[in-house]
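S.K.: Contents are mmCIF, C-alpha atoms; file name coords-v1.cif:
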```cif
data_data
loop_
_atom_site.label_atom_id
_atom_site.label_comp_id
_atom_site.auth_asym_id
_atom_site.auth_seq_id
_atom_site.Cartn_x
_atom_site.Cartn_y
_atom_site.Cartn_z
CA MET X 51 66.84 6.23 36.96
CA PRO X 52 69.72 3.71 36.86
CA VAL X 53 71.69 3.22 40.08
CA ASN X 54 75.49 3.13 39.94
CA TRP X 55 77.10 -0.07 41.18
CA TRP X 56 78.95 1.71 43.97
CA GLU X 57 75.66 3.12 45.28
CA LYS X 58 74.00 -0.25 45.11
CA GLU X 59 77.04 -2.10 46.45
CA GLN X 60 78.35 0.33 49.06
CA ARG X 61 79.82 -2.41 51.19
CA ARG X 62 81.67 -3.81 48.22
CA LEU X 63 83.15 -0.41 47.41
CA SER X 64 84.24 0.03 51.04
CA THR X 65 85.91 -3.37 50.95
CA GLU X 66 87.74 -2.49 47.75
CA ILE X 67 88.93 0.84 49.17
CA ASN X 68 90.06 -0.66 52.47
CA LEU X 69 91.97 -3.48 50.81
CA MET X 70 93.65 -1.15 48.34
CA ARG X 71 94.71 1.19 51.14
CA GLN X 72 96.26 -1.74 52.99
CA LYS X 73 98.01 -3.40 50.08
CA PHE X 74 98.67 -0.68 47.51
CA PRO X 75 98.34 2.68 49.28
CA GLN X 76 99.96 4.59 46.42
CA PHE X 77 96.83 4.01 44.31
CA GLU X 78 94.01 6.52 44.37
CA LEU X 79 90.39 6.05 43.51
CA GLY X 80 88.97 8.37 40.89
CA HIS X 81 85.64 9.09 39.27
CA ALA X 82 85.70 10.02 35.59
CA GLU X 83 83.98 13.29 34.82
CA HIS X 84 84.38 12.60 31.13
CA ASP X 85 85.82 10.00 28.77
CA HIS X 86 89.59 9.56 28.80
CA MET X 87 91.83 8.40 25.97
CA ILE X 88 95.36 7.12 26.50
CA ASN X 89 97.52 6.12 23.53
CA ASN X 90 94.39 6.17 21.36
CA TRP X 91 92.66 3.74 23.67
CA SER X 92 89.47 4.63 25.43
CA VAL X 93 90.47 3.64 28.96
CA VAL X 94 87.78 5.25 31.11
CA ARG X 95 84.25 6.27 30.24
CA LYS X 96 82.39 9.13 31.86
CA GLY X 97 80.92 8.05 35.18
CA GLN X 98 83.24 5.09 35.74
CA LYS X 99 85.33 4.55 38.85
CA TYR X 100 89.02 3.85 38.45
CA TRP X 101 92.24 3.37 40.41
CA LEU X 102 95.40 5.13 39.35
CA GLY X 103 98.82 4.47 40.81
CA ARG X 104 102.36 3.46 40.13
CA LEU X 105 104.20 0.15 40.32
CA LYS X 106 107.92 -0.39 40.48
CA PRO X 107 109.04 -3.92 39.53
CA VAL X 108 112.46 -5.26 40.51
CA SER X 109 114.03 -3.50 37.54
CA GLY X 110 113.39 -0.15 39.18
CA ASN X 111 111.38 1.09 36.20
CA ILE X 112 108.22 2.91 37.23
CA TYR X 113 104.93 2.30 35.47
CA THR X 114 101.69 4.22 35.85
CA VAL X 115 98.81 1.78 36.01
CA LEU X 116 95.10 2.39 35.56
CA LEU X 117 92.37 -0.01 36.66
CA THR X 118 88.86 0.69 35.43
CA TYR X 119 85.75 -0.74 37.02
CA PRO X 120 83.01 -1.84 34.63
CA ASN X 121 79.65 -0.08 34.72
CA TYR X 122 78.13 -3.02 36.51
CA TYR X 123 80.29 -4.54 39.21
CA PRO X 124 81.00 -7.06 40.57
CA SER X 125 78.49 -9.23 38.73
CA GLY X 126 78.37 -7.43 35.40
CA GLY X 127 81.95 -7.38 34.26
CA GLU X 128 85.60 -7.43 35.17
CA ILE X 129 88.12 -4.77 36.04
CA LYS X 130 90.34 -3.74 33.13
CA ALA X 131 94.00 -2.86 33.66
CA TYR X 132 96.01 -0.50 31.44
CA ILE X 133 99.58 0.74 31.46
CA VAL X 134 99.28 4.50 31.11
CA SER X 135 103.00 5.23 30.97
CA PRO X 136 105.49 4.51 29.67
CA HIS X 137 103.82 3.45 26.45
CA ILE X 138 104.31 -0.26 25.78
CA SER X 139 104.11 -0.91 22.08
CA HIS X 140 104.07 -4.71 21.88
CA CYS X 141 100.72 -6.47 21.97
CA ASN X 142 101.63 -9.63 23.84
CA HIS X 143 98.89 -10.65 26.24
CA ARG X 144 96.78 -7.60 25.56
CA TYR X 145 93.37 -7.08 24.09
CA GLY X 146 92.64 -4.86 21.10
CA ASP X 147 91.56 -1.96 23.29
CA GLY X 148 94.92 -2.04 25.07
CA HIS X 149 93.86 -3.57 28.37
CA LEU X 150 96.07 -6.29 29.76
CA CYS X 151 95.20 -9.95 29.49
CA LEU X 152 96.02 -11.00 33.00
CA TYR X 153 94.60 -14.46 33.42
CA SER X 154 92.62 -17.31 32.01
CA ASN X 155 89.77 -18.98 33.81
CA ASP X 156 89.95 -21.96 31.50
CA HIS X 157 91.09 -25.44 32.45
CA GLY X 158 88.66 -25.95 35.28
CA GLY X 159 89.65 -22.85 37.15
CA LYS X 160 93.23 -24.00 37.68
CA GLY X 161 94.49 -20.64 36.54
CA GLN X 162 94.32 -17.67 38.90
CA GLY X 163 91.63 -15.47 37.43
CA ALA X 164 88.46 -13.46 37.89
CA GLY X 165 85.95 -14.56 40.46
CA PRO X 166 83.70 -13.29 43.25
CA GLY X 167 86.57 -13.25 45.76
CA MET X 168 88.75 -10.99 43.64
CA THR X 169 89.06 -7.23 44.14
CA ALA X 170 91.09 -4.42 42.63
CA VAL X 171 93.96 -5.68 44.80
CA SER X 172 94.02 -8.93 42.86
CA TYR X 173 94.21 -7.03 39.58
CA VAL X 174 97.06 -4.81 40.78
CA GLY X 175 98.97 -7.92 41.84
CA TRP X 176 98.41 -9.56 38.49
CA THR X 177 99.38 -6.33 36.74
CA ALA X 178 102.65 -6.32 38.69
CA ALA X 179 103.24 -9.90 37.55
CA TRP X 180 102.39 -8.85 33.98
CA LEU X 181 104.99 -6.09 34.21
CA HIS X 182 107.61 -8.57 35.37
CA ALA X 183 106.72 -10.79 32.44
CA HIS X 184 106.88 -7.80 30.09
CA GLU X 185 110.35 -6.88 31.30
CA ILE X 186 111.55 -10.45 30.88
CA TYR X 187 110.07 -10.42 27.38
CA GLU X 188 111.96 -7.22 26.61
CA ARG X 189 115.21 -8.94 27.63
CA LYS X 190 114.69 -12.41 26.18
CA GLY X 191 112.12 -11.95 23.43
CA VAL X 192 110.01 -14.71 24.95
CA TRP X 193 107.06 -14.24 27.26
CA PRO X 194 107.50 -16.31 30.44
CA GLU X 195 104.38 -18.34 30.88
CA ASN X 196 102.88 -21.54 32.04
CA ASN X 197 101.26 -23.43 29.25
CA PHE X 198 98.80 -26.09 30.32
CA PHE X 199 98.84 -27.71 26.91
CA LYS X 200 102.60 -28.30 27.00
CA ARG X 201 102.79 -29.66 30.50
CA PRO X 202 103.79 -33.27 30.94
CA MET H 177 98.82 17.01 25.56
CA ILE H 178 97.87 16.93 29.22
CA ASN H 179 97.67 13.56 30.89
CA PRO H 180 94.31 13.68 32.68
CA PHE H 181 95.56 11.19 35.22
CA SER H 182 98.83 12.81 36.18
CA ARG H 183 97.26 14.94 38.95
CA LYS H 184 96.44 11.82 40.90
CA GLU H 185 100.04 10.78 41.48
CA ASN H 186 100.96 12.35 44.79
CA LYS H 187 102.94 9.57 46.45
CA ILE H 188 105.82 9.36 44.05
CA SER H 189 108.56 9.87 46.60
CA SER H 190 107.69 6.85 48.73
CA LEU H 191 107.84 4.59 45.67
CA ASP H 192 111.10 6.07 44.49
CA GLU H 193 112.80 5.42 47.80
CA LYS H 194 112.22 1.68 47.90
CA LYS H 195 114.80 -1.04 47.23
CA ALA H 196 117.69 -1.24 44.83
CA ASN H 197 117.20 -2.20 41.21
CA GLN H 198 117.61 -5.78 40.11
CA ASP H 199 117.72 -7.78 36.88
CA PRO H 200 114.16 -8.81 35.86
CA LEU H 201 115.50 -12.20 34.80
CA ALA H 202 116.37 -12.86 38.44
CA VAL H 203 112.68 -13.32 39.20
CA GLU H 204 111.69 -15.27 36.11
CA ASP H 205 111.46 -18.51 38.04
CA LEU H 206 108.86 -16.92 40.29
CA LEU H 207 106.56 -16.72 37.30
CA VAL H 208 107.25 -20.10 35.73
CA ASN H 209 108.99 -23.40 36.36
CA GLY H 210 110.25 -22.53 39.81
CA THR H 211 109.53 -24.20 43.12
CA GLN H 212 109.33 -21.12 45.32
CA LYS H 213 106.05 -19.39 46.08
CA ALA H 214 105.77 -15.85 44.74
CA THR H 215 104.29 -12.78 46.32
CA ILE H 216 103.88 -9.13 45.28
CA THR H 217 105.11 -6.26 47.45
CA SER H 218 103.17 -3.03 47.85
CA ASP H 219 105.36 -1.22 45.34
CA GLY H 220 104.99 -3.99 42.75
CA ARG H 221 108.08 -6.15 43.17
CA LEU H 222 107.86 -9.89 42.73
CA VAL H 223 109.65 -11.65 45.59
CA THR H 224 109.69 -15.08 47.14
CA LYS H 225 107.27 -15.70 49.95
CA LYS H 226 110.23 -16.65 52.13
CA ASN H 227 111.78 -13.21 51.67
CA ALA H 228 108.42 -11.53 52.11
CA LEU H 229 108.04 -13.04 55.56
CA LYS H 230 111.25 -11.34 56.67
CA ASP H 231 109.74 -7.86 56.57
CA LYS H 232 106.53 -6.44 57.93
CA GLU H 233 105.25 -5.12 54.64
CA GLU H 234 101.91 -6.24 53.24
CA HIS H 235 102.11 -8.64 50.32
CA ILE H 236 99.71 -10.54 48.15
CA ASP H 237 100.41 -14.06 47.02
CA LEU H 238 100.65 -15.06 43.40
CA MET H 239 99.73 -18.57 42.37
CA LYS H 240 102.49 -20.29 40.44
CA GLN H 241 99.95 -22.18 38.35
CA ARG H 242 98.41 -18.98 37.07
CA GLU H 243 97.97 -18.84 33.36
CA TRP H 244 98.03 -15.79 31.09
CA GLY H 245 95.01 -15.34 28.88
CA CYS H 246 95.04 -14.15 25.27
CA ARG H 247 98.32 -13.81 23.41
#
```
Now that the file is in, can you turn its structure into structure tokens?
M.R.:
Amino acid sequence: MPVNWWEKEQRRLSTEINLMRQKFPQFELGHAEHDHMINNWSVVRKGQKYWLGRLKPVSGNIYTVLLTYPNYYPSGGEIKAYIVSPHISHCNHRYGDGHLCLYSNDHGGKGQGAGPGMTAVSYVGWTAAWLHAHEIYERKGVWPENNFFKRP
Amino acid sequence: MINPFSRKENKISSLDEKKANQDPLAVEDLLVNGTQKATITSDGRLVTKKNALKDKEEHIDLMKQREWGCR
């Protein structure tokens, strides 16, 4: 019988919970009893662990954010982040299934991205940064980003 | 349609109470081309590390050289 990652990696789960309580206490850990669809995206599968909470960027707008752990964690995949509400229609820096594209590990690791030292806290932080970028995009029509290829 | 996740949100008031609203463009330089180090507050605001040190709230740092992935 397959063992869930949080049973196999109990210390890791405790670390994730403790860090989230310290840094983003408004988020709550959930366990999906069945599949969940949001905006026609399958965001959580039955049996997966997830974090749900709200973020409030400098604009004052409030976003509900969902972070889904993969079935095999931490070695078998990365956490996916979704904006549950309000619905964001543009597809800048998002994958086809709606989860946010938060980082790149290209360029010799110079970007801030996934790695063994990252936890759900890292992903919430990056999601907050993504929301700031989204709100700037809504105002200016241009996504604020560093581009390694255009740097002098 | 019922939002299956809505029941989990039980700390709305604490988030609503925090800080006055600000123009998002005011923090653009914390994402790109600026010289100040950026950090994220617990409610999700992007602020300078210098300002973050003034209060006792937990923050996480954001690397300026971070790069977004797919477009």
S.K.: Considering only C-alpha atoms, return as a ChimeraX atom specification whatever protein or nucleic-acid residues lie within 12 Å of Trp56 of chain X, sequence-local ones (same chain, fewer than 4 positions apart) excluded.
M.R.: /X:52,60-67,81,97-100,119-124
S.K.: For the provided coordinates, the residues matched by the PyMOL selection byres ((chain X) within 6 of (chain H)) should be stated as a list in words.
M.R.: Lys73, Phe74, Gln76, Leu105, Lys106, Pro107, Val108, Ser109, Gly110, Asn142, His143, Cys151, Leu152, Tyr153, Ser154, Gly161, Gln162, Ala178, Ile186, Glu195 and Asn196 of chain X
S.K.: Looking at X:Ala82, X:Val94, X:Leu150, X:Leu102, which one is nearest to Ala183 of chain X, with distances taken over all atoms listed in the file?
M.R.: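 Looking only at the distances to Ala183 of chain X, the closest residue turns out to be X:Leu150.
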S.K.: Any chance you could work out the axis-aligned box around segment 78-88 of chain X, listed atoms only, 5 Å on each side, giving centre and edge lengths in Å to one decimal, as JSON?
M.R.:
```
{"center_x": 89.7, "center_y": 9.7, "center_z": 35.2, "size_x": 21.4, "size_y": 17.2, "size_z": 28.4}
```
S.K.: Select all residues near (96.5, 2.0, 38.4) (cut-off 8 Å, inclusive, file coordinates), counting all atoms listed in the file, and output them as a list in words.
M.R.: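 Here is the list of nearby residues: Phe77, Glu78, Tyr100, Trp101, Leu102, Gly103, Arg104, Thr114, Val115, Leu116, Leu117, Ala131, Tyr132, Ile133 and Val174 of chain X.
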